[in-house]
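Novice: The structure under discussion is supplied below as structure tokens; questions concerning it will follow.
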Amino acid sequence: MADTLTATTLTLKDIAREAGVSLATVDRVLHNRPGVRPDTVRRVKAAIERNAFQPHVAAAELARSRARRFAFVMPAGPNPFMQQIEAYLGEMSAWLSARRLGVEVVATDVFDPSVLAASLEALSGDYDGVAVVALDHPGVRAAINDLVDAGTRVVTLVSDVPSSRRHHYVGIDNIAAGRTAGALVGRLVGQQSGKVAIVAGSQGLRDHSERIFGFSQVMASEFPDLSVLPVLEGRDEDGRSEQVLARLLGRHADIVGLYNVGAGTQGVAKALSDAGRGKQVVFVGHDVTALTRRLLLQGVMDAAISQNPGHEARAAVRVLLALARGEPILREQEKIRIDIVMRDNLP
């Protein structure tokens, strides 16, 4: 489904520029005033429709809204996908300002439950809504529940904690993503038999554990000639992911497939290349970033399962805003889809 959120950040000047007319002409068309030629009217209306422009929506919302603050609790460190989400939040500044919304990013160690729980507890009373990339752990669940009890709207982002009382989850179906990865690895390996490695950030992250579950399901049921090795954990860090995979490659010369569940992609690729197996092992991972794009073009990586970071950022803000206002959530609009990206269909 098309996502036209950014269209509401447009101004009348933007519409006038796109239609090639004056600001006064746009105003006449909007208010059905005479003196505008029919072809000009059509051109202005086409520009409005093309951009899903809603005149005065920002002013109307500003008039009826109070200022609100949202916090996004994100993983600390150089995770390219998470950095993309943060960048999109920055690009939403005009849309946020028009609705008197402030969004602040709180970086923390999401792999350490005590640190993440403490970060959530510190937000109590200061924010109307919190979006969190969450570890599924009793301490984190308790911190989320405490925020909800205190009146804060809580949305889990990318990785869910379904047993908590969070209000909504924004992210992909991770079991389906894992099953997709399994089908890709199995089919691309072809008639070979051998072992398949899995590198994850942490099995405590719900998105990673669900992807592993889906992947293992498909491997066991559809590709009996492939043996899945125990999961390696690299905390989404390049150095650690490289280290654990390098050791595994040294012990198993018959690894024919690899599923990288989260980030740490550069380290995974380096371990494969240093072992001389960069184009021998079928390598499937996640997300289209500058790095994965390059690895796909080089033939080191075979496929990336992509989710739209811009849609996730926007959906999380929209859901928090709807919750804060007591409005319904457009579930179909906020559903995040997955795409399979390979070298020949790179966007």
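Quick note on naming: the chains in the structure tokens go A, B, ... in the order shown, residues restart at 1 in each chain, and ligands are numbered from 1 in order of appearance.
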Please list as JSON, numbers by chain every residue within 8 Å of segment 106-108 of chain A, counting only C-alpha atoms and excluding residues in the same chain fewer than 3 positions away.
Specialist: {"A": [71, 72, 73, 74, 75, 76, 115, 116, 119]}
Novice: Suppose you want the space between atom CA of Arg294 of chain A and atom CA of Ser209 of chain A; what is it in Å?
Specialist: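 Interatomic distance here is 27.0 Å.
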Novice: Counting only C-alpha atoms, what are the residues of segment 135-254 of chain A within 10 Å of segment 120-128 of chain A, and for each of them which pair of atoms is the nearest and at what distance in Å, to one decimal? Sort the table by chain and rising number, as CSV.
Specialist:
```
residue,atom,partner,partner_atom,distance
A:Val140,CA,A:Leu120,CA,8.0
A:Ala142,CA,A:Glu121,CA,9.5
A:Ala143,CA,A:Glu121,CA,5.9
A:Ile144,CA,A:Leu120,CA,7.1
A:Asp146,CA,A:Glu121,CA,7.7
A:Leu147,CA,A:Ser124,CA,5.9
A:Val148,CA,A:Ser124,CA,9.2
A:Asp149,CA,A:Ser124,CA,9.9
A:Ala150,CA,A:Ser124,CA,7.1
A:Gly151,CA,A:Asp128,CA,7.8
A:Thr152,CA,A:Asp128,CA,5.3
A:Arg153,CA,A:Asp128,CA,6.3
A:Val154,CA,A:Asp128,CA,8.9
```
Novice: Figure out the distance between atom CA of Val300 of chain A and atom CA of Gln84 of chain A, please, to one decimal in Å.
Specialist: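 Separating atom CA of Gln84 of chain A from atom CA of Val300 of chain A is a distance of 22.6 Å.
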Novice: Select from segment 6-248 of chain A everything DSSP, run on the backbone, classes as strand (DSSP E or B), then give the selection as number ranges by chain.
Specialist: A: 68-75, 101-108, 129-132, 135, 153-157, 168-170, 194-200, 205, 226-228, 232-233
Novice: From a DSSP calculation on the backbone, collect every residue of segment 109-328 of chain A in helix (DSSP H, G or I) and output the set as a ChimeraX atom specification.
Specialist: /A:113-121,138-149,174-189,206-222,238-251,265-274,290-298,309-325
Novice: What's the 8 Å shell around segment 166-182 of chain A, counting only C-alpha atoms, without same-chain residues fewer than 4 positions away, as a PyMOL selection string?
Specialist: chain A and resi 144-145+148+153-162+186+207-208+210-219+259+284-285+305+307+312+315-316+319+334-338
Novice: I'd like the contact shell of Glu86 of chain A - 10 Å cut-off, only C-alpha atoms, skipping same-chain residues fewer than 3 positions apart - returned as a list in words.
Specialist: Phe72, Met74, Pro80, Phe81, Met82, Gln83, Leu89, Gly90, Glu91, Glu104, Val105, Pro309, Gly310 and Ala313 of chain A
Novice: For the atom pair atom CA of Leu320 of chain A and atom CA of Ala94 of chain A, what is the interatomic distance in Å to one decimal place?
Specialist: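 Distance reported for this atom pair: 17.3 Å.
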Novice: Using only C-alpha atoms for the distances, tell me which of A:Val185, A:Val130, A:Leu248, A:Leu258 is nearest to Val317 of chain A.
Specialist: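 Under the stated criterion, the closest residue is A:Val130.
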Novice: Report as a ChimeraX atom specification all protein, DNA and RNA residues lying within 10 Å of Leu297 of chain A, evaluated on only C-alpha atoms, omitting residues in the same chain fewer than 4 positions from it.
Specialist: /A:291-293,301-302,342-344,346
Novice: Once you have the residues from the selection above, write them out as a PDB file, in the first residue's frame, restricted to C-alpha atoms.
Specialist:
```
ATOM      1  CA  LEU A 291      26.873  -2.448   2.613  1.00  0.00           C
ATOM      2  CA  THR A 292      24.410  -5.173   1.629  1.00  0.00           C
ATOM      3  CA  ARG A 293      23.916  -3.487  -1.722  1.00  0.00           C
ATOM      4  CA  MET A 301      25.698 -12.023  -0.605  1.00  0.00           C
ATOM      5  CA  ASP A 302      22.978 -13.854  -2.524  1.00  0.00           C
ATOM      6  CA  MET A 342      18.827  -9.926  -5.111  1.00  0.00           C
ATOM      7  CA  ARG A 343      21.530  -8.502  -7.354  1.00  0.00           C
ATOM      8  CA  ASP A 344      19.281  -8.351 -10.394  1.00  0.00           C
ATOM      9  CA  LEU A 346      18.272  -4.066  -6.487  1.00  0.00           C
TER      10      LEU A 346
END
```
Novice: Find the residues around Val44 of chain A up to 9 Å (only C-alpha atoms counted), leave out those fewer than 6 positions away in its own chain, and share them as a tab-separated table (two decimals) with N, CA and C atoms, in the first residue's frame.
Specialist:
```tsv
chain	number	residue	atom	x	y	z
A	15	ILE	N	3.24	22.94	-4.18
A	15	ILE	CA	2.25	22.59	-5.20
A	15	ILE	C	2.33	23.57	-6.36
A	16	ALA	N	2.46	24.87	-6.06
A	16	ALA	CA	2.57	25.87	-7.11
A	16	ALA	C	3.79	25.62	-7.98
A	18	GLU	N	5.38	22.77	-8.48
A	18	GLU	CA	5.23	21.55	-9.28
A	18	GLU	C	4.27	21.76	-10.44
A	19	ALA	N	3.21	22.55	-10.22
A	19	ALA	CA	2.23	22.79	-11.27
A	19	ALA	C	2.67	23.88	-12.24
A	20	GLY	N	3.74	24.61	-11.88
A	20	GLY	CA	4.24	25.67	-12.75
A	20	GLY	C	3.33	26.89	-12.78
A	21	VAL	N	2.72	27.20	-11.62
A	21	VAL	CA	1.83	28.36	-11.55
A	21	VAL	C	2.19	29.19	-10.32
A	25	THR	N	-2.62	31.50	-7.94
A	25	THR	CA	-3.42	30.61	-8.79
A	25	THR	C	-3.82	29.35	-8.04
A	26	VAL	N	-2.89	28.80	-7.28
A	26	VAL	CA	-3.22	27.61	-6.48
A	26	VAL	C	-4.34	27.95	-5.50
A	29	VAL	N	-7.68	28.01	-7.25
A	29	VAL	CA	-8.17	26.66	-7.56
A	29	VAL	C	-8.73	25.98	-6.31
A	30	LEU	N	-8.02	26.11	-5.21
A	30	LEU	CA	-8.46	25.47	-3.97
A	30	LEU	C	-9.81	26.01	-3.50
```
Novice: Find the residue from A:Ala200, A:Arg314, A:Val256, A:Ala87 that sits nearest to Glu242 of chain A; use only C-alpha atoms when measuring.
Specialist: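 Between A:Ala200, A:Arg314, A:Val256, A:Ala87, the residue approaching Glu242 of chain A most closely is A:Ala200.
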